[in-house]
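Presented below is the structure to which this report refers.
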Amino acid sequence: ETAATTSTGNSLYVGTVSLATNSTSTGYEMRDPSRGKGFYTLNLANGTSGGSVFTSTTSSFGNGTTSNAASAGVDAHYGIQKTYDYFKNVHGRDGIDGAGGTGYNRVHYSSRYNNAFWSDSCFCMTYGDGDGTTFTPLTAIDVAGHEMTHGVTSRTARLVYSGESGGLNEATSDIFGSMVEYYAASASDPGDYLIGEKIYTPSKSGDALRYMANPSQDGKSVNCWSSSVGSLDVHYSSGVANHFFYLLAEGSTGSTTCNGSTLSGIGRSAAEKIWYRALTVYMTSSTKYAGARTATLNAAKDLFGSGSTQYNAVAAAWSAVSVN
Ligand code: ASN
Ligand code: ZN
Ligand code: CA
Ligand code: CA
């Protein structure tokens, strides 16, 4: 017999959290049987396949440090839980596949592995532990939201992962990764437009993998569209759309805009709904930046009307990143 139950999780990055778990005849397991078709978190114990679900004899998992293997599992399980809730409660989407399926997590993949990734083949999420210098375990909530959003994109617009469409694919993951972080906001992780700030370079504070408010701050990403943007790595051509989204939601006094314009933000709630509708209704596998402008304008028209403040703000924010 099994039953859904709430356990306490002692995480690496967000303190003590409520974890949706399962109670069995022998204890508790890191498995949520209730959200959609359910999901669970596996410990790969430095292997690259197989693994076993994290279990505990008490309704408590992890100890808040890497000395306990379950701590990173807590972050990953919290991340999949909050990502599920974000798409369900904000966008009305039931799971990554839209039909209750959210896959599962694999934690402690390989040794000192400096990445995390979504795979469409296993329909699952995988997290490395990092080498301890460039990365700590990559189980932060914005990374969870980023990677699982790749699964959503695969089931919707299917943006090809190269050229401008690849930049839009990456930006979609940064956008919803950040929106998941805001959705889950807590005192220890309040939400921001930085990607990976909790896991990147533990010896240096204040930096991040990517900066949506000013993408060029990473030294590689671009703030403004140009005809050569499609030749960049997708993690750098994403800068144009990340910058667009930040400007749309939060506005600007003009310090980063490509045309010197000042902008009033429409807020995260309107901006995220516009991007989601653009992604799921209007973008296709070959959408480029010009097409993303049209897609988001169409989405804003549907949601708010064609002469609305939000519609006009979408046009102004794209112009501010040189997508005219
Ligand atoms: N973490 C990387 C990403 O989501 C994995 C990859 O290269 N696709 O972008
Ligand atoms: Zn990505
Ligand atoms: Ca962040
Ligand atoms: Ca750092």
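Each chain in the structure tokens gets a letter, A, B, ..., in the order shown, and its residues are numbered from 1; ligands are numbered from 1 in order too.
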
Non-local contacts of Cys258 of chain A (7 Å; only C-alpha atoms; under 6 positions in same chain excluded) as a count of residues only | 4

Neighbour list for Ala45 of chain A as a ChimeraX atom specification, cut-off 10 Å, only C-alpha atoms, skip fewer than 3 positions in-chain | /A:42,48-52,69,106-111

Proximity check chain A to ligand 4, 9 Å, nearest pairs one decimal Å, only C-alpha atoms and all ligand atoms, as a Markdown table:
```
| residue | atom | partner | partner_atom_place_in_ligand_line | distance |
| --- | --- | --- | --- | --- |
| A:Thr134 | CA | ligand 4 | 1 (Ca) | 8.2 |
| A:Phe135 | CA | ligand 4 | 1 (Ca) | 8.4 |
| A:Gly196 | CA | ligand 4 | 1 (Ca) | 8.7 |
| A:Glu197 | CA | ligand 4 | 1 (Ca) | 6.2 |
| A:Lys198 | CA | ligand 4 | 1 (Ca) | 7.1 |
| A:Ile199 | CA | ligand 4 | 1 (Ca) | 6.9 |
| A:Tyr200 | CA | ligand 4 | 1 (Ca) | 4.5 |
| A:Thr201 | CA | ligand 4 | 1 (Ca) | 3.7 |
| A:Pro202 | CA | ligand 4 | 1 (Ca) | 4.7 |
| A:Ser203 | CA | ligand 4 | 1 (Ca) | 6.0 |
| A:Lys204 | CA | ligand 4 | 1 (Ca) | 4.1 |
| A:Ser205 | CA | ligand 4 | 1 (Ca) | 4.4 |
| A:Gly206 | CA | ligand 4 | 1 (Ca) | 6.0 |
| A:Asp207 | CA | ligand 4 | 1 (Ca) | 4.9 |
| A:Ala208 | CA | ligand 4 | 1 (Ca) | 6.2 |
| A:Leu209 | CA | ligand 4 | 1 (Ca) | 8.7 |
```

Deliver the residues from the most recent selection as a file, using N, CA and C atoms, as a PDB file, in the first residue's frame.
```pdb
ATOM      1  N   THR A 134      33.708  25.403 -10.584  1.00  0.00           N
ATOM      2  CA  THR A 134      32.823  26.119 -11.511  1.00  0.00           C
ATOM      3  C   THR A 134      31.369  25.978 -11.068  1.00  0.00           C
ATOM      4  N   PHE A 135      31.012  24.786 -10.631  1.00  0.00           N
ATOM      5  CA  PHE A 135      29.641  24.537 -10.204  1.00  0.00           C
ATOM      6  C   PHE A 135      29.579  23.702  -8.928  1.00  0.00           C
ATOM      7  N   GLY A 196      21.213  30.612 -12.614  1.00  0.00           N
ATOM      8  CA  GLY A 196      22.254  29.788 -11.997  1.00  0.00           C
ATOM      9  C   GLY A 196      23.070  30.460 -10.912  1.00  0.00           C
ATOM     10  N   GLU A 197      22.548  31.555 -10.340  1.00  0.00           N
ATOM     11  CA  GLU A 197      23.330  32.273  -9.319  1.00  0.00           C
ATOM     12  C   GLU A 197      23.617  31.415  -8.083  1.00  0.00           C
ATOM     13  N   LYS A 198      22.805  30.415  -7.829  1.00  0.00           N
ATOM     14  CA  LYS A 198      23.010  29.583  -6.624  1.00  0.00           C
ATOM     15  C   LYS A 198      24.062  28.493  -6.812  1.00  0.00           C
ATOM     16  N   ILE A 199      24.386  28.209  -8.050  1.00  0.00           N
ATOM     17  CA  ILE A 199      25.235  27.032  -8.328  1.00  0.00           C
ATOM     18  C   ILE A 199      26.558  27.366  -8.991  1.00  0.00           C
ATOM     19  N   TYR A 200      26.735  28.620  -9.408  1.00  0.00           N
ATOM     20  CA  TYR A 200      27.880  29.022 -10.220  1.00  0.00           C
ATOM     21  C   TYR A 200      28.983  29.608  -9.347  1.00  0.00           C
ATOM     22  N   THR A 201      30.207  29.170  -9.557  1.00  0.00           N
ATOM     23  CA  THR A 201      31.414  29.702  -8.895  1.00  0.00           C
ATOM     24  C   THR A 201      31.200  29.987  -7.408  1.00  0.00           C
ATOM     25  N   PRO A 202      31.175  28.932  -6.600  1.00  0.00           N
ATOM     26  CA  PRO A 202      30.896  29.114  -5.171  1.00  0.00           C
ATOM     27  C   PRO A 202      31.873  30.045  -4.448  1.00  0.00           C
ATOM     28  N   SER A 203      33.067  30.240  -5.006  1.00  0.00           N
ATOM     29  CA  SER A 203      34.015  31.130  -4.324  1.00  0.00           C
ATOM     30  C   SER A 203      33.806  32.602  -4.683  1.00  0.00           C
ATOM     31  N   LYS A 204      32.920  32.870  -5.644  1.00  0.00           N
ATOM     32  CA  LYS A 204      32.661  34.260  -6.050  1.00  0.00           C
ATOM     33  C   LYS A 204      31.177  34.569  -5.904  1.00  0.00           C
ATOM     34  N   SER A 205      30.820  35.618  -5.189  1.00  0.00           N
ATOM     35  CA  SER A 205      29.399  35.933  -5.001  1.00  0.00           C
ATOM     36  C   SER A 205      28.948  37.003  -5.982  1.00  0.00           C
ATOM     37  N   GLY A 206      27.646  36.996  -6.289  1.00  0.00           N
ATOM     38  CA  GLY A 206      27.051  38.048  -7.111  1.00  0.00           C
ATOM     39  C   GLY A 206      27.059  37.771  -8.594  1.00  0.00           C
ATOM     40  N   ASP A 207      27.775  36.746  -9.038  1.00  0.00           N
ATOM     41  CA  ASP A 207      27.795  36.457 -10.465  1.00  0.00           C
ATOM     42  C   ASP A 207      26.766  35.376 -10.802  1.00  0.00           C
ATOM     43  N   ALA A 208      26.632  35.075 -12.082  1.00  0.00           N
ATOM     44  CA  ALA A 208      25.651  34.098 -12.543  1.00  0.00           C
ATOM     45  C   ALA A 208      26.076  33.599 -13.913  1.00  0.00           C
ATOM     46  N   LEU A 209      25.426  32.532 -14.353  1.00  0.00           N
ATOM     47  CA  LEU A 209      25.683  32.008 -15.699  1.00  0.00           C
ATOM     48  C   LEU A 209      25.191  32.981 -16.757  1.00  0.00           C
TER      49      LEU A 209
END
```

Spatial neighbours of segment 273-285 of chain A, max dist 10 Å, only C-alpha atoms, sep filter under 3 positions, as a VMD selection string | chain A and resid 87 90 to 91 152 to 161 165 to 166 168 to 169 172 175 to 176 245 268 to 270 288 291 to 304 310 to 311 314

Step by step, measure atom-to-atom distances between ligand 3 and each residue using only C-alpha atoms and all ligand atoms, keep those at most 7 Å, then write them as a PyMOL selection string.
-> chain A and resi 142+178+181+191-197

Now that the selection is made, can you save its residues with all heavy atoms as a tab-separated table (two decimals), in the first residue's frame?
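File written: out-v6.tsv
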```tsv
chain	number	residue	atom	x	y	z
A	142	ASP	N	16.03	27.59	-10.63
A	142	ASP	CA	15.97	28.20	-11.97
A	142	ASP	C	16.54	27.26	-13.03
A	142	ASP	O	16.09	27.26	-14.18
A	142	ASP	CB	16.63	29.60	-12.01
A	142	ASP	CG	18.03	29.65	-11.46
A	142	ASP	OD1	18.56	28.62	-11.00
A	142	ASP	OD2	18.62	30.75	-11.47
A	178	SER	N	13.32	31.42	-14.79
A	178	SER	CA	13.25	32.56	-13.86
A	178	SER	C	11.83	32.74	-13.31
A	178	SER	O	11.66	33.06	-12.13
A	178	SER	CB	13.69	33.84	-14.56
A	178	SER	OG	15.07	33.79	-14.81
A	181	GLU	N	11.33	30.35	-10.62
A	181	GLU	CA	12.03	30.81	-9.41
A	181	GLU	C	11.19	31.87	-8.67
A	181	GLU	O	11.05	31.83	-7.44
A	181	GLU	CB	13.40	31.36	-9.78
A	181	GLU	CG	14.26	31.75	-8.59
A	181	GLU	CD	15.61	32.28	-9.04
A	181	GLU	OE1	16.46	31.46	-9.41
A	181	GLU	OE2	15.81	33.51	-9.03
A	191	GLY	N	13.90	35.12	-6.04
A	191	GLY	CA	13.54	35.34	-7.44
A	191	GLY	C	14.32	36.49	-8.03
A	191	GLY	O	14.53	37.53	-7.38
A	192	ASP	N	14.80	36.29	-9.25
A	192	ASP	CA	15.63	37.30	-9.92
A	192	ASP	C	15.70	36.95	-11.40
A	192	ASP	O	15.13	35.95	-11.83
A	192	ASP	CB	17.05	37.32	-9.29
A	192	ASP	CG	17.63	35.93	-9.22
A	192	ASP	OD1	17.72	35.25	-10.29
A	192	ASP	OD2	18.00	35.46	-8.12
A	193	TYR	N	16.41	37.80	-12.15
A	193	TYR	CA	16.60	37.57	-13.59
A	193	TYR	C	18.01	37.07	-13.88
A	193	TYR	O	18.54	37.26	-14.98
A	193	TYR	CB	16.29	38.85	-14.37
A	193	TYR	CG	14.81	39.16	-14.43
A	193	TYR	CD1	14.21	39.98	-13.48
A	193	TYR	CD2	14.02	38.63	-15.45
A	193	TYR	CE1	12.86	40.28	-13.55
A	193	TYR	CE2	12.66	38.93	-15.52
A	193	TYR	CZ	12.09	39.75	-14.57
A	193	TYR	OH	10.75	40.04	-14.64
A	194	LEU	N	18.61	36.44	-12.88
A	194	LEU	CA	19.91	35.79	-13.06
A	194	LEU	C	19.66	34.30	-13.25
A	194	LEU	O	18.74	33.75	-12.64
A	194	LEU	CB	20.78	35.99	-11.81
A	194	LEU	CG	20.95	37.42	-11.33
A	194	LEU	CD1	21.64	37.44	-9.97
A	194	LEU	CD2	21.74	38.21	-12.36
A	195	ILE	N	20.49	33.66	-14.04
A	195	ILE	CA	20.36	32.21	-14.23
A	195	ILE	C	21.54	31.52	-13.53
A	195	ILE	O	22.70	31.82	-13.82
A	195	ILE	CB	20.37	31.83	-15.72
A	195	ILE	CG1	19.31	32.61	-16.50
A	195	ILE	CG2	20.19	30.31	-15.89
A	195	ILE	CD1	17.89	32.38	-16.06
A	196	GLY	N	21.21	30.61	-12.61
A	196	GLY	CA	22.25	29.79	-12.00
A	196	GLY	C	23.07	30.46	-10.91
A	196	GLY	O	24.14	29.98	-10.55
A	197	GLU	N	22.55	31.55	-10.34
A	197	GLU	CA	23.33	32.27	-9.32
A	197	GLU	C	23.62	31.41	-8.08
A	197	GLU	O	24.61	31.66	-7.40
A	197	GLU	CB	22.63	33.58	-8.93
A	197	GLU	CG	21.36	33.44	-8.11
A	197	GLU	CD	20.16	32.99	-8.93
A	197	GLU	OE1	20.26	32.92	-10.16
A	197	GLU	OE2	19.11	32.71	-8.30
```

From the DSSP assignment of the backbone, select every residue of segment 3-71 of chain A that is strand (DSSP E), and format the answer as a PyMOL selection string.
-> chain A and resi 3-10+16-24+27-29+31-32+39-43+52-53+55-56+60-61

Those in segment 265-323 of chain A with helix (DSSP H, G or I) from DSSP, as JSON, numbers by chain | {"A": [268, 269, 270, 271, 272, 273, 274, 275, 276, 277, 278, 279, 280, 281, 282, 289, 290, 291, 292, 293, 294, 295, 296, 297, 298, 299, 300, 301, 302, 303, 304, 309, 310, 311, 312, 313, 314, 315, 316, 317, 318, 319, 320]}

Excluding Asp120 of chain A and residues on its chain fewer than 5 positions from it, collect all residues at most 12 Å away from it, counting only C-alpha atoms, and give them as an mmCIF file with N, CA, C and O atoms, in the first residue's frame.
```
data_model
loop_
_atom_site.group_PDB
_atom_site.id
_atom_site.type_symbol
_atom_site.label_atom_id
_atom_site.label_comp_id
_atom_site.auth_asym_id
_atom_site.auth_seq_id
_atom_site.Cartn_x
_atom_site.Cartn_y
_atom_site.Cartn_z
ATOM 1 N N ILE A 96 4.803 18.486 -18.216
ATOM 2 C CA ILE A 96 5.667 18.853 -19.343
ATOM 3 C C ILE A 96 4.992 18.504 -20.663
ATOM 4 O O ILE A 96 5.052 19.262 -21.628
ATOM 5 N N ASP A 97 4.335 17.366 -20.720
ATOM 6 C CA ASP A 97 3.718 16.952 -21.988
ATOM 7 C C ASP A 97 2.302 17.491 -22.162
ATOM 8 O O ASP A 97 1.676 17.257 -23.200
ATOM 9 N N THR A 102 5.345 14.383 -16.464
ATOM 10 C CA THR A 102 6.408 15.318 -16.106
ATOM 11 C C THR A 102 7.753 14.604 -16.020
ATOM 12 O O THR A 102 8.763 15.189 -15.670
ATOM 13 N N GLY A 103 7.774 13.309 -16.334
ATOM 14 C CA GLY A 103 9.037 12.569 -16.319
ATOM 15 C C GLY A 103 9.512 12.291 -14.914
ATOM 16 O O GLY A 103 8.701 12.089 -14.000
ATOM 17 N N TYR A 104 10.832 12.306 -14.732
ATOM 18 C CA TYR A 104 11.413 12.030 -13.408
ATOM 19 C C TYR A 104 12.801 12.658 -13.352
ATOM 20 O O TYR A 104 13.335 13.098 -14.381
ATOM 21 N N MET A 125 14.944 14.402 -16.375
ATOM 22 C CA MET A 125 15.875 15.459 -15.974
ATOM 23 C C MET A 125 17.092 14.820 -15.312
ATOM 24 O O MET A 125 16.945 13.927 -14.493
ATOM 25 N N THR A 126 18.284 15.327 -15.641
ATOM 26 C CA THR A 126 19.517 14.797 -15.066
ATOM 27 C C THR A 126 20.359 15.947 -14.510
ATOM 28 O O THR A 126 20.505 16.975 -15.181
ATOM 29 N N GLU A 147 15.643 23.628 -17.521
ATOM 30 C CA GLU A 147 15.794 22.341 -18.213
ATOM 31 C C GLU A 147 14.444 21.714 -18.530
ATOM 32 O O GLU A 147 14.232 21.207 -19.642
ATOM 33 N N MET A 148 13.529 21.737 -17.580
ATOM 34 C CA MET A 148 12.225 21.122 -17.850
ATOM 35 C C MET A 148 11.443 21.897 -18.901
ATOM 36 O O MET A 148 10.641 21.312 -19.638
ATOM 37 N N THR A 149 11.707 23.192 -19.020
ATOM 38 C CA THR A 149 11.073 23.966 -20.092
ATOM 39 C C THR A 149 11.541 23.483 -21.465
ATOM 40 O O THR A 149 10.778 23.567 -22.446
ATOM 41 N N HIS A 150 12.755 22.947 -21.570
ATOM 42 C CA HIS A 150 13.156 22.346 -22.860
ATOM 43 C C HIS A 150 12.165 21.241 -23.261
ATOM 44 O O HIS A 150 11.871 21.052 -24.441
ATOM 45 N N GLY A 151 11.661 20.518 -22.262
ATOM 46 C CA GLY A 151 10.657 19.487 -22.537
ATOM 47 C C GLY A 151 9.353 20.089 -23.032
ATOM 48 O O GLY A 151 8.713 19.560 -23.951
ATOM 49 N N VAL A 152 8.951 21.209 -22.445
ATOM 50 C CA VAL A 152 7.723 21.891 -22.885
ATOM 51 C C VAL A 152 7.892 22.387 -24.324
ATOM 52 O O VAL A 152 7.010 22.207 -25.171
ATOM 53 N N THR A 153 9.043 22.992 -24.606
ATOM 54 C CA THR A 153 9.296 23.497 -25.965
ATOM 55 C C THR A 153 9.270 22.360 -26.982
ATOM 56 O O THR A 153 8.721 22.497 -28.080
ATOM 57 N N SER A 154 9.847 21.211 -26.585
ATOM 58 C CA SER A 154 9.840 20.044 -27.478
ATOM 59 C C SER A 154 8.428 19.558 -27.801
ATOM 60 O O SER A 154 8.215 18.943 -28.846
ATOM 61 N N ARG A 155 7.506 19.776 -26.866
ATOM 62 C CA ARG A 155 6.131 19.313 -27.065
ATOM 63 C C ARG A 155 5.219 20.395 -27.640
ATOM 64 O O ARG A 155 4.021 20.166 -27.809
ATOM 65 N N ARG A 158 8.594 23.323 -30.741
ATOM 66 C CA ARG A 158 9.675 22.480 -31.263
ATOM 67 C C ARG A 158 10.789 23.299 -31.913
ATOM 68 O O ARG A 158 11.385 22.889 -32.923
#
```

Selected residue of minimal separation from ligand 2 among A:Ala315, A:Ala116, A:Val14, A:Val229, counting only C-alpha atoms and all ligand atoms =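 Smallest separation from ligand 2 among the options: A:Ala116.
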
Expected selection as a list in words for ligand 2 within 8 Å, only C-alpha atoms and all ligand atoms =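 Listed by chain and ascending number, the contacts are Phe117, His146, Glu147, His150, Asn169, Glu170, Ala171, Ser173, Asp174 and His235 of chain A.
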
Just how far from atom CA of Val240 of chain A is atom CA of Ile266 of chain A, in Å to one decimal?
-> 18.3 Å

Which of these residues is nearest to ligand 1, using only C-alpha atoms and all ligand atoms: A:Glu272, A:Glu29, A:Glu250, A:Asp233?
->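 Looking only at the distances to ligand 1, the closest residue turns out to be A:Asp233.
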
In Å, with one decimal, what is the gap from atom CA of Arg35 of chain A to atom 9 (O, counted along the ligand's line) of ligand 1?
->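 Those two atoms sit 25.8 Å apart.
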